Protein chains: 2
Amino acid sequence: MKRTSRDIRTANRYGVLRHIVAESPVSRQDLAAATGLSLATVANLVGELLALGMLVEVGYEDSEGGRPRGLVSVNTSGGALIGVDVAETYIHVELFDLAMTVIARAEEELRPGENQPAQVVAHIATAVAFVVEQASVASERVLGVGVSMPGQVDREGGVSVYAPNWDWHDVPLLGLLGERIPYPLHLDNPLRACTVAELWFGAARGRGDVVVVNLGTGVGAGLALGGALYRGVTNSAGEWGHTTLVLDGRLCHCGNHGCVETYVGAPGIMQSLRELSPGSPLLHPDDQTATIEALARGVADGDPVAVKVVKETARYLGAAVADLVNLLNPEVIVLSSWVARLLGQPLLDEVREAVARHALRRPLAGTEIVLCPIPSNPVSLGAAAFALEGSLASVGQNTARRTTARQRSTPS
Amino acid sequence: MKRTSRDIRTANRYGVLRHIVAESPVSRQDLAAATGLSLATVANLVGELLALGMLVEVGYEDSEGGRPRGLVSVNTSGGALIGVDVAETYIHVELFDLAMTVIARAEEELRPGENQPAQVVAHIATAVAFVVEQASVASERVLGVGVSMPGQVDREGGVSVYAPNWDWHDVPLLGLLGERIPYPLHLDNPLRACTVAELWFGAARGRGDVVVVNLGTGVGAGLALGGALYRGVTNSAGEWGHTTLVLDGRLCHCGNHGCVETYVGAPGIMQSLRELSPGSPLLHPDDQTATIEALARGVADGDPVAVKVVKETARYLGAAVADLVNLLNPEVIVLSSWVARLLGQPLLDEVREAVARHALRRPLAGTEIVLCPIPSNPVSLGAAAFALEGSLASVGQNTARRTTARQRSTPS
């Protein structure tokens, strides 16, 4: 989408708050240096956040002979944010303070087949009410709830457009949740939640152009370009799992052949294992997690089948990641989600080698490839960050309205 | 790269001037509406451009009962810009006025083997001097010269890092040109020149996220994201020609197998023709242009071999373009450069069908696929636009210096 001046103001507000969350306490001067914004712009944004109670003044630092510089810090008790990770078998909910520290958690298990919208909504509402109560947070201090829903979502309309695992079509999820949850609600999907988590708290913080490669059952590439989440014209960017890697290759559930996902998603890795060693004890036919865990243990123990499967997976993944390096020339590529977490360093090492074989020298020289550095669940963290961004964006709207009102009352 | 507030100011200045170039005369109010900037920001930028003599006030328009609105227009005689398209067999130079109308042209032929840096520099200098004389433009009115050099370039250093056709390595092209040409010089490559031409004058003007697919001897994808050229962290983004389309497929000159370029670049199309019909009279073994022209005529005449080769090319191209749709969810994809121009509408029709077969429904619904609408040479036009952007960026620096000086002189 084309960036308007309001988008830019909102993005600047995110950038400043992101830096304060990470580096509290911090001076306006350091914020200006770290964000590339002018001191005047930073002072305005900090003033706005102080007025909202999201920041507090916390004293002064010596500035080597100059005037002492005022320090600001996040007002941890200035608000609470809730992140909801809706997955196939569970709903995970976390409540954060404004420093994005987890204050309370809840997990609701979904029994097989328990996936009707009314059932899922009831579980989410129960878990949200539970964390608010557990954290003893006053209702008016909950700034918002971010909900990560797998599949395609219409975030403006709050609709789950298509959730392949549950065969949901056009479910008005936020509308249903709004009848049960009295806080501002924000909807998006796990790919973008993970990417925003990297922007706020992970490998993309303070970096320019970053690609977050999500390796789970499904596969995608979240894009953080120019320091902001890149969504594309209809919020559908990142469907990198359906890049054709092998023309006329493996059949994908999207109807095409040879998609990246059919080789490096968990079911694709299981198929590679099955093809290489049909009766392998590493294979748990109905359990993706158990199989990937068995492969990770196998690699650690030097099991030749496990080593070969991971090498083969890295060969496909490396070719596909090299395409991202060549096309986007990013500063960082992050391998994220549960398959990357379980296979860890051995996968990373093989992928780095495979990418070096495939990518062009010049773009490759500028790109670092890393594992996701976020120790907690990046999806609920990212969902909470969406809620934080939502509350900052609505601040912008309120400020704009106030300014307009004031301008109107000035005689002209 | 992370966007700083100066980048944003410069991008806003481009956006405003772009709109004025296209829509002159225009009011500040219409500019604000078209660019999404505030009226105050637009008024500042317009004031800056007026002071520089790049714009002129040209009267008032009625605003339906309100105050009459001042109109501004490009000051066509306020400056001249030169664009240089360095190709394998020729150097094409155009001089533009500030409305980006061509005032003078020159073309220098390069004889086979005539590709030493000193020879190329001499030809460029001759052609540049010729167009300035032909246009009767005073030296001080030439705002800059943009040079498009194939291959990898270091634009800040003005170096041709690697030009595969001529086997140039680290040639300090702008340094050499600076000894012969007394105007500000700006270096970049044809892929980015074509993309900037689309941003200023073509299918990307006023649009959000656009991909310019360049089909020539080489193949690339220029990215215009959020209304600005996307360069990546080391100015190497867009090497989409080296995306792996067929794992273990055709050998590419980059050393890999199955790159997009080996199927849809001119030599790749010739190989497809050779494989399908080894003795075809359509094939001119040593002449890419003649072969593609023969294919285009063959398709028009219903020649089954020509139809089949274009269909096959579109099948590969469609799969690869679908990957761009899925990953970037752009508003527009432009098919540009000489192969796209020669094969034209029949190629476009086949590509649209092939993309529809491969891309996911939701991102596809937001994407339009078009042929490059620029009637003249987009490379020299884009190179001149780089010169225009360069002169606007240096305006920004001068303004910033003046502001700083003024701030320093204010007692505090």
# chains A, B, ... in the order shown; residues from 1 in each chain; ligands from 1

$ interface_residues --of "chain A" --to "chain B" --cutoff "7 Å" --atoms "only C-alpha atoms" --output "MDAnalysis selection string"
chainID A and resid 1:5 36:37 207:209 226:227 232:234 236:240 243:247 256 319 323 326:331 358 362:363 366

$ residues_around --residues "Ala80 in chain B" --least-positions-apart "5" --cutoff "10 Å" --atoms "only C-alpha atoms" --output "count of residues only"
23

$ residues_around --residues "range 171-185 of chain B" --least-positions-apart "5" --cutoff "12 Å" --atoms "only C-alpha atoms" --output "VMD selection string"
chain B and resid 80 to 84 86 116 to 130 132 138 to 149 151 to 163 166 383 to 384 386 to 391 394

$ select_by_dssp --residues "range 179-243 of chain B" --states "strand (DSSP E)" --output "PDB file with N, CA and C atoms, in the first residue's frame"
ATOM      1  N   LEU B 185      26.687  13.440 -11.980  1.00  0.00           N
ATOM      2  CA  LEU B 185      26.501  12.129 -12.611  1.00  0.00           C
ATOM      3  C   LEU B 185      25.886  11.149 -11.612  1.00  0.00           C
ATOM      4  N   HIS B 186      24.995  10.291 -12.098  1.00  0.00           N
ATOM      5  CA  HIS B 186      24.327   9.305 -11.253  1.00  0.00           C
ATOM      6  C   HIS B 186      24.342   7.963 -11.983  1.00  0.00           C
ATOM      7  N   LEU B 187      24.762   6.908 -11.277  1.00  0.00           N
ATOM      8  CA  LEU B 187      24.885   5.587 -11.905  1.00  0.00           C
ATOM      9  C   LEU B 187      23.854   4.619 -11.336  1.00  0.00           C
ATOM     10  N   ASP B 188      23.247   3.816 -12.212  1.00  0.00           N
ATOM     11  CA  ASP B 188      22.461   2.670 -11.745  1.00  0.00           C
ATOM     12  C   ASP B 188      22.328   1.683 -12.899  1.00  0.00           C
ATOM     13  N   VAL B 210       4.392  -2.464  -6.803  1.00  0.00           N
ATOM     14  CA  VAL B 210       4.445  -2.829  -8.222  1.00  0.00           C
ATOM     15  C   VAL B 210       5.730  -3.620  -8.492  1.00  0.00           C
ATOM     16  N   VAL B 211       5.624  -4.658  -9.315  1.00  0.00           N
ATOM     17  CA  VAL B 211       6.793  -5.425  -9.750  1.00  0.00           C
ATOM     18  C   VAL B 211       6.961  -5.220 -11.250  1.00  0.00           C
ATOM     19  N   VAL B 212       8.165  -4.820 -11.671  1.00  0.00           N
ATOM     20  CA  VAL B 212       8.463  -4.628 -13.089  1.00  0.00           C
ATOM     21  C   VAL B 212       9.322  -5.807 -13.546  1.00  0.00           C
ATOM     22  N   VAL B 213       8.706  -6.718 -14.298  1.00  0.00           N
ATOM     23  CA  VAL B 213       9.395  -7.914 -14.778  1.00  0.00           C
ATOM     24  C   VAL B 213      10.079  -7.564 -16.089  1.00  0.00           C
ATOM     25  N   ASN B 214      11.400  -7.597 -16.086  1.00  0.00           N
ATOM     26  CA  ASN B 214      12.185  -7.228 -17.264  1.00  0.00           C
ATOM     27  C   ASN B 214      12.579  -8.455 -18.055  1.00  0.00           C
ATOM     28  N   LEU B 215      12.103  -8.538 -19.284  1.00  0.00           N
ATOM     29  CA  LEU B 215      12.402  -9.689 -20.132  1.00  0.00           C
ATOM     30  C   LEU B 215      13.267  -9.236 -21.293  1.00  0.00           C
ATOM     31  N   VAL B 219      17.103 -11.350 -17.259  1.00  0.00           N
ATOM     32  CA  VAL B 219      15.762 -11.257 -16.706  1.00  0.00           C
ATOM     33  C   VAL B 219      15.884 -10.784 -15.254  1.00  0.00           C
ATOM     34  N   GLY B 220      15.001  -9.870 -14.859  1.00  0.00           N
ATOM     35  CA  GLY B 220      15.013  -9.389 -13.475  1.00  0.00           C
ATOM     36  C   GLY B 220      13.646  -8.877 -13.093  1.00  0.00           C
ATOM     37  N   ALA B 221      13.471  -8.555 -11.800  1.00  0.00           N
ATOM     38  CA  ALA B 221      12.194  -8.020 -11.321  1.00  0.00           C
ATOM     39  C   ALA B 221      12.485  -6.793 -10.473  1.00  0.00           C
ATOM     40  N   GLY B 222      12.241  -5.611 -11.059  1.00  0.00           N
ATOM     41  CA  GLY B 222      12.409  -4.375 -10.297  1.00  0.00           C
ATOM     42  C   GLY B 222      11.220  -4.196  -9.368  1.00  0.00           C
ATOM     43  N   LEU B 223      11.484  -3.771  -8.134  1.00  0.00           N
ATOM     44  CA  LEU B 223      10.416  -3.659  -7.138  1.00  0.00           C
ATOM     45  C   LEU B 223      10.172  -2.203  -6.774  1.00  0.00           C
ATOM     46  N   ALA B 224       8.925  -1.765  -6.921  1.00  0.00           N
ATOM     47  CA  ALA B 224       8.524  -0.432  -6.461  1.00  0.00           C
ATOM     48  C   ALA B 224       7.499  -0.668  -5.352  1.00  0.00           C
ATOM     49  N   LEU B 225       7.956  -0.614  -4.107  1.00  0.00           N
ATOM     50  CA  LEU B 225       7.102  -0.959  -2.967  1.00  0.00           C
ATOM     51  C   LEU B 225       6.777   0.292  -2.163  1.00  0.00           C
ATOM     52  N   ALA B 228       7.926   3.604  -3.749  1.00  0.00           N
ATOM     53  CA  ALA B 228       9.343   3.970  -3.907  1.00  0.00           C
ATOM     54  C   ALA B 228      10.132   2.759  -4.396  1.00  0.00           C
ATOM     55  N   LEU B 229      11.244   3.018  -5.079  1.00  0.00           N
ATOM     56  CA  LEU B 229      12.112   1.941  -5.529  1.00  0.00           C
ATOM     57  C   LEU B 229      12.658   1.182  -4.323  1.00  0.00           C
ATOM     58  N   TYR B 230      12.523  -0.156  -4.355  1.00  0.00           N
ATOM     59  CA  TYR B 230      13.070  -1.000  -3.284  1.00  0.00           C
ATOM     60  C   TYR B 230      14.425  -1.517  -3.749  1.00  0.00           C
TER      61      TYR B 230
END

$ residues_around --residues "range 283-300 of chain A" --least-positions-apart "5" --cutoff "12 Å" --atoms "only C-alpha atoms" --output "count of residues only"
37

$ atom_distance --atom1 "CA of Gln29 in chain B" --atom2 "CA of Gly202 in chain B"
23.5 Å

$ atom_distance --atom1 "CA of Thr89 in chain A" --atom2 "CA of Trp168 in chain A"
15.2 Å

$ select_by_dssp --residues "range 80-323 of chain A" --states "alpha helix (DSSP H)" --output "PyMOL selection string"
chain A and resi 117-134+173-178+190-201+261-264+266-276+288-300+304-323

$ atom_distance --atom1 "CA of Leu71 in chain A" --atom2 "CA of Ala204 in chain A"
24.9 Å
